[in-house]
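> Contents of my_file23.txt (compact mmCIF, C-alpha atoms) are given next:
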```
# COMPACT_ATOMS: atom_id res chain seq x y z
CA MET J 28 45.12 -7.09 217.27
CA THR J 29 42.48 -9.48 218.59
CA SER J 30 42.92 -11.62 221.66
CA THR J 31 42.54 -15.26 220.67
CA VAL J 32 43.04 -16.44 224.26
CA ILE J 33 42.85 -14.70 227.65
CA PRO J 34 45.05 -16.27 230.34
CA ASN J 35 44.42 -16.55 234.08
CA VAL J 36 40.68 -16.03 234.26
CA THR J 37 37.94 -17.45 236.47
CA LEU J 38 35.26 -18.76 234.13
CA THR J 39 31.53 -18.94 234.91
CA THR J 40 30.30 -22.28 233.66
CA GLN J 41 26.68 -21.34 232.99
CA ALA J 42 26.01 -19.41 229.77
CA ASN J 43 23.94 -16.26 229.37
CA VAL J 44 21.33 -16.90 226.68
CA TYR J 45 19.68 -13.84 225.09
CA PHE J 46 17.01 -13.58 222.38
CA ASP J 47 16.26 -17.33 222.31
CA GLY J 48 19.94 -18.08 221.73
CA LYS J 49 20.69 -15.49 219.05
CA CYS J 50 23.30 -14.26 221.52
CA VAL J 51 25.16 -16.56 223.93
CA SER J 52 27.92 -15.47 226.29
CA HIS J 53 30.02 -16.81 229.14
CA GLY J 54 31.18 -14.48 231.89
CA PHE J 55 34.67 -14.47 233.35
CA THR J 56 36.68 -12.53 235.91
CA LEU J 57 40.29 -11.37 235.64
CA ALA J 58 42.74 -11.81 238.51
CA ASP J 59 42.13 -8.17 239.54
CA GLY J 60 38.38 -8.80 239.81
CA THR J 61 37.39 -7.12 236.52
CA LYS J 62 34.33 -8.80 235.01
CA LYS J 63 34.02 -9.38 231.26
CA SER J 64 32.30 -11.83 228.95
CA VAL J 65 32.99 -13.63 225.69
CA GLY J 66 30.10 -14.29 223.38
CA VAL J 67 28.73 -14.72 219.93
CA VAL J 68 25.81 -13.10 218.09
CA LEU J 69 24.27 -15.29 215.37
CA PRO J 70 22.67 -13.94 212.19
CA ALA J 71 19.89 -11.60 213.33
CA THR J 72 19.07 -7.95 213.97
CA LEU J 73 18.80 -7.30 217.69
CA THR J 74 18.56 -4.39 220.13
CA PHE J 75 20.62 -4.54 223.30
CA ASN J 76 20.17 -2.31 226.31
CA THR J 77 23.12 -1.44 228.53
CA GLY J 78 23.23 -1.08 232.29
CA ALA J 79 26.88 -0.18 232.77
CA ALA J 80 28.81 1.26 229.86
CA GLU J 81 30.24 -1.43 227.56
CA ILE J 82 33.02 -1.79 225.04
CA MET J 83 32.41 -4.47 222.41
CA GLU J 84 35.61 -5.90 220.90
CA CYS J 85 35.28 -8.08 217.82
CA VAL J 86 37.43 -11.24 217.89
CA GLY J 87 35.93 -12.97 214.84
CA GLY J 88 33.30 -12.46 212.16
CA SER J 89 31.75 -9.02 211.90
CA CYS J 90 28.66 -6.94 212.62
CA GLU J 91 27.06 -3.64 211.84
CA TYR J 92 25.87 -1.56 214.77
CA LYS J 93 23.89 1.61 215.32
CA LEU J 94 24.02 3.44 218.62
CA ALA J 95 20.90 5.00 220.18
CA GLY J 96 20.38 8.45 218.72
CA SER J 97 22.45 7.74 215.61
CA ASP J 98 21.19 7.08 212.09
CA GLU J 99 24.46 5.56 210.95
CA TRP J 100 25.19 1.85 210.70
CA LYS J 101 28.91 1.22 211.23
CA LYS J 102 30.81 -1.96 210.52
CA SER J 103 32.93 -3.69 213.16
CA GLY J 104 35.37 -6.49 212.29
CA PRO J 105 38.21 -8.38 213.99
CA GLY J 106 40.21 -6.08 216.24
CA ASP J 107 37.63 -3.28 216.09
CA LYS J 108 35.95 -1.97 219.22
CA PHE J 109 32.95 0.23 219.82
CA SER J 110 31.67 1.84 223.01
CA ILE J 111 28.12 2.09 224.30
CA PRO J 112 27.23 4.51 227.11
CA ALA J 113 25.58 3.32 230.32
CA HIS J 114 21.77 3.13 230.32
CA SER J 115 21.61 3.32 226.55
CA SER J 116 21.07 0.88 223.72
CA PHE J 117 22.39 -0.23 220.35
CA GLU J 118 21.12 -2.18 217.41
CA ILE J 119 23.30 -4.90 215.96
CA ARG J 120 22.90 -6.50 212.52
CA VAL J 121 24.77 -9.75 211.94
CA THR J 122 25.01 -11.88 208.80
CA GLU J 123 27.93 -14.09 209.87
CA PRO J 124 28.55 -15.06 213.53
CA TYR J 125 30.03 -12.06 215.36
CA HIS J 126 32.42 -13.16 218.12
CA TYR J 127 33.16 -10.62 220.82
CA ILE J 128 34.66 -9.74 224.15
CA CYS J 129 32.44 -7.44 226.21
CA HIS J 130 34.36 -5.11 228.52
CA PHE J 131 32.39 -3.19 231.14
CA GLY J 132 32.82 0.29 232.54
CA MET S 7 28.09 -30.76 243.13
CA THR S 8 28.31 -28.57 240.06
CA SER S 9 31.14 -26.15 239.36
CA THR S 10 29.70 -22.65 239.02
CA VAL S 11 33.13 -21.16 238.31
CA ILE S 12 36.46 -22.64 237.23
CA PRO S 13 39.51 -20.65 238.39
CA ASN S 14 42.83 -20.14 236.64
CA VAL S 15 41.96 -21.04 233.06
CA THR S 16 43.09 -19.75 229.68
CA LEU S 17 39.94 -18.91 227.75
CA THR S 18 39.56 -19.06 223.96
CA THR S 19 37.67 -15.94 222.93
CA GLN S 20 36.05 -17.32 219.76
CA ALA S 21 33.00 -19.54 220.24
CA ASN S 22 32.32 -22.91 218.64
CA VAL S 23 28.93 -22.75 216.94
CA TYR S 24 27.24 -26.06 216.09
CA PHE S 25 23.92 -26.80 214.40
CA ASP S 26 23.24 -23.18 213.43
CA GLY S 27 23.70 -22.11 217.02
CA LYS S 28 21.63 -24.78 218.75
CA CYS S 29 24.89 -25.54 220.57
CA VAL S 30 27.48 -22.89 221.44
CA SER S 31 30.66 -23.51 223.42
CA HIS S 32 33.85 -21.75 224.44
CA GLY S 33 37.05 -23.74 224.88
CA PHE S 34 39.47 -23.29 227.76
CA THR S 35 42.70 -24.80 229.03
CA LEU S 36 43.63 -25.60 232.62
CA ALA S 37 47.05 -24.69 234.05
CA ASP S 38 48.22 -28.29 233.42
CA GLY S 39 47.28 -28.04 229.73
CA THR S 40 44.05 -30.05 229.93
CA LYS S 41 41.54 -28.82 227.36
CA LYS S 42 37.83 -28.55 228.17
CA SER S 43 34.86 -26.48 227.05
CA VAL S 44 31.78 -24.86 228.56
CA GLY S 45 28.67 -24.70 226.46
CA VAL S 46 24.93 -24.67 226.19
CA VAL S 47 22.49 -26.71 224.09
CA LEU S 48 19.23 -24.90 223.31
CA PRO S 49 15.88 -26.65 222.84
CA ALA S 50 16.37 -29.17 220.02
CA THR S 51 17.11 -32.82 219.34
CA LEU S 52 20.65 -33.22 217.98
CA THR S 53 23.17 -35.95 217.24
CA PHE S 54 26.79 -35.35 218.21
CA ASN S 55 29.75 -37.37 217.03
CA THR S 56 32.82 -37.78 219.21
CA GLY S 57 36.46 -37.82 218.20
CA ALA S 58 38.09 -38.29 221.59
CA ALA S 59 36.06 -39.75 224.43
CA GLU S 60 34.03 -37.11 226.28
CA ILE S 61 32.41 -36.66 229.66
CA MET S 62 29.46 -34.27 229.68
CA GLU S 63 28.82 -32.64 233.07
CA CYS S 64 25.57 -30.73 233.54
CA VAL S 65 25.94 -27.38 235.32
CA GLY S 66 22.42 -26.04 234.70
CA GLY S 67 19.14 -27.02 233.06
CA SER S 68 18.81 -30.61 231.91
CA CYS S 69 18.78 -32.93 228.93
CA GLU S 70 17.92 -36.42 227.89
CA TYR S 71 20.56 -38.40 226.02
CA LYS S 72 20.82 -41.71 224.22
CA LEU S 73 24.18 -43.27 223.47
CA ALA S 74 24.89 -44.99 220.16
CA GLY S 75 23.73 -48.60 220.35
CA SER S 76 21.32 -47.92 223.21
CA ASP S 77 17.53 -47.67 223.06
CA GLU S 78 17.27 -45.92 226.38
CA TRP S 79 16.86 -42.17 226.88
CA LYS S 80 18.38 -41.14 230.19
CA LYS S 81 17.94 -37.83 231.99
CA SER S 82 20.91 -35.68 233.07
CA GLY S 83 20.53 -32.71 235.41
CA PRO S 84 22.79 -30.42 237.45
CA GLY S 85 25.76 -32.33 238.84
CA ASP S 86 25.13 -35.39 236.65
CA LYS S 87 27.74 -36.64 234.20
CA PHE S 88 27.64 -39.06 231.32
CA SER S 89 30.46 -40.56 229.26
CA ILE S 90 30.65 -41.06 225.51
CA PRO S 91 33.30 -43.34 224.01
CA ALA S 92 35.75 -42.09 221.36
CA HIS S 93 34.59 -42.29 217.73
CA SER S 94 30.98 -42.79 218.75
CA SER S 95 27.88 -40.62 218.93
CA PHE S 96 24.96 -39.66 221.11
CA GLU S 97 21.57 -38.07 220.65
CA ILE S 98 20.58 -35.27 222.96
CA ARG S 99 17.03 -33.99 223.53
CA VAL S 100 16.71 -30.61 225.22
CA THR S 101 13.57 -28.71 226.27
CA GLU S 102 15.23 -26.13 228.54
CA PRO S 103 18.77 -24.82 227.93
CA TYR S 104 21.27 -27.50 229.00
CA HIS S 105 24.48 -25.96 230.35
CA TYR S 106 27.51 -28.21 230.42
CA ILE S 107 31.23 -28.66 230.90
CA CYS S 108 32.76 -31.02 228.33
CA HIS S 109 35.76 -32.96 229.63
CA PHE S 110 37.84 -34.88 227.10
CA GLY S 111 39.59 -38.25 227.32
```
Let's see the structure in the file written out as structure tokens.

Amino acid sequence: MTSTVIPNVTLTTQANVYFDGKCVSHGFTLADGTKKSVGVVLPATLTFNTGAAEIMECVGGSCEYKLAGSDEWKKSGPGDKFSIPAHSSFEIRVTEPYHYICHFG
Amino acid sequence: MTSTVIPNVTLTTQANVYFDGKCVSHGFTLADGTKKSVGVVLPATLTFNTGAAEIMECVGGSCEYKLAGSDEWKKSGPGDKFSIPAHSSFEIRVTEPYHYICHFG
């Protein structure tokens, strides 16, 4: 089940713009201090590096992703999540806008 | 003074993508039910049409804008606001990402 809205958050007004705008996100903080972001990846093939571990949750559209060290492209659609270890990377291939929540840790 | 964060909002997880991603926004609702959005316009010259009246508040970067019926391009930077009537339009010219809060009505 995807989250269409997230109540009671503190929203950062300035966007994060990656890859000349192929990925745009806005950060937010839950009441307990947990930091997350909502964003969208536009049609492109991109490589993201992680600092902290991340969980990507699809809330609209879809993507294919390939984790570092894997040869397998996997599909992720609404409600699906995938995890990326800390200090790693993943490739993402998008043909329709992929809307996501990024959870850290 | 610009708002770097907005507390206690309900955030819509799916982005609004306009002009092939030259403008991306996320909607949110205040505790009193007021709807707003945060977004970014990437380098481009675009024309936006309004339904309801809007107030655009810059929270980062800058733009130049020209309201329908005006010949004058005006600059808007952090902390600046400009108003667009309902059922009207404006042109926006951006050379560095323009981060904004859109207030309605």
> Any idea what's packed within 8 Å of Gly88 of chain J, counting all atoms listed in the file, ignoring anything in its chain fewer than 3 positions away? Could you give it as a list of chain:residue names?
J:Cys85, J:Gly104, J:Pro105, J:Glu123, J:Pro124, J:Tyr125, J:His126
> Taking all atoms listed in the file into account, what are the residues of chain S at most 9 Å from chain J, put as a PyMOL selection string?
chain S and resi 9-21+23+26-28+30-32+34-35+37+44-46+48+65-66+103+105-107
> Using all atoms listed in the file for the distances, tell me which of J:Phe109, J:Ser89, J:Thr122, J:Ala79 is nearest to Lys62 of chain J.
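Closest candidate: J:Ala79.
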> Show me, as a list in words, the residues that have an atom within 10 Å of segment 113-117 of chain J when counting only C-alpha atoms, minus same-chain residues fewer than 4 positions from it.
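Final neighbour list, sorted by chain and number: Leu73, Thr74, Phe75, Asn76, Thr77, Gly78, Ala79, Ala80, Glu81, Tyr92, Lys93, Leu94, Ala95, Gly96, Ser97, Phe131 and Gly132 of chain J.
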> Could the residues in this selection be saved with C-alpha atoms as a PDB file, in the coordinates of the input?

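This is the output file part26.pdb:
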```pdb
ATOM      1  CA  LEU J  73      18.800  -7.300 217.690  1.00  0.00           C
ATOM      2  CA  THR J  74      18.560  -4.390 220.130  1.00  0.00           C
ATOM      3  CA  PHE J  75      20.620  -4.540 223.300  1.00  0.00           C
ATOM      4  CA  ASN J  76      20.170  -2.310 226.310  1.00  0.00           C
ATOM      5  CA  THR J  77      23.120  -1.440 228.530  1.00  0.00           C
ATOM      6  CA  GLY J  78      23.230  -1.080 232.290  1.00  0.00           C
ATOM      7  CA  ALA J  79      26.880  -0.180 232.770  1.00  0.00           C
ATOM      8  CA  ALA J  80      28.810   1.260 229.860  1.00  0.00           C
ATOM      9  CA  GLU J  81      30.240  -1.430 227.560  1.00  0.00           C
ATOM     10  CA  TYR J  92      25.870  -1.560 214.770  1.00  0.00           C
ATOM     11  CA  LYS J  93      23.890   1.610 215.320  1.00  0.00           C
ATOM     12  CA  LEU J  94      24.020   3.440 218.620  1.00  0.00           C
ATOM     13  CA  ALA J  95      20.900   5.000 220.180  1.00  0.00           C
ATOM     14  CA  GLY J  96      20.380   8.450 218.720  1.00  0.00           C
ATOM     15  CA  SER J  97      22.450   7.740 215.610  1.00  0.00           C
ATOM     16  CA  PHE J 131      32.390  -3.190 231.140  1.00  0.00           C
ATOM     17  CA  GLY J 132      32.820   0.290 232.540  1.00  0.00           C
TER      18      GLY J 132
END
```
> I'd like the interatomic distance between atom CA of Met83 of chain J and atom CA of Lys101 of chain J, to a tenth of an Å.
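Separation of atom CA of Met83 of chain J and atom CA of Lys101 of chain J: 13.0 Å.
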> As an exercise, work out the distance from atom CA of Thr61 of chain J to atom CA of Gly106 of chain J in Å and give it to one decimal place.
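If I compute the distance from atom CA of Thr61 of chain J to atom CA of Gly106 of chain J, I get 20.5 Å.
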> Can you work out the spacing between atom CA of Lys81 of chain S and atom CA of Cys69 of chain S in Å, to one decimal?
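Taking atom CA of Lys81 of chain S and atom CA of Cys69 of chain S, their separation equals 5.8 Å.
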> Around all of segment 59-70 of chain J's listed atoms, make the axis-aligned box with 4 Å on each side and tell me centre and edge lengths in Å to one decimal, as lines of an AutoDock Vina configuration file.

```
center_x = 32.4
center_y = -11.2
center_z = 226.0
size_x = 27.5
size_y = 16.2
size_z = 35.6
```
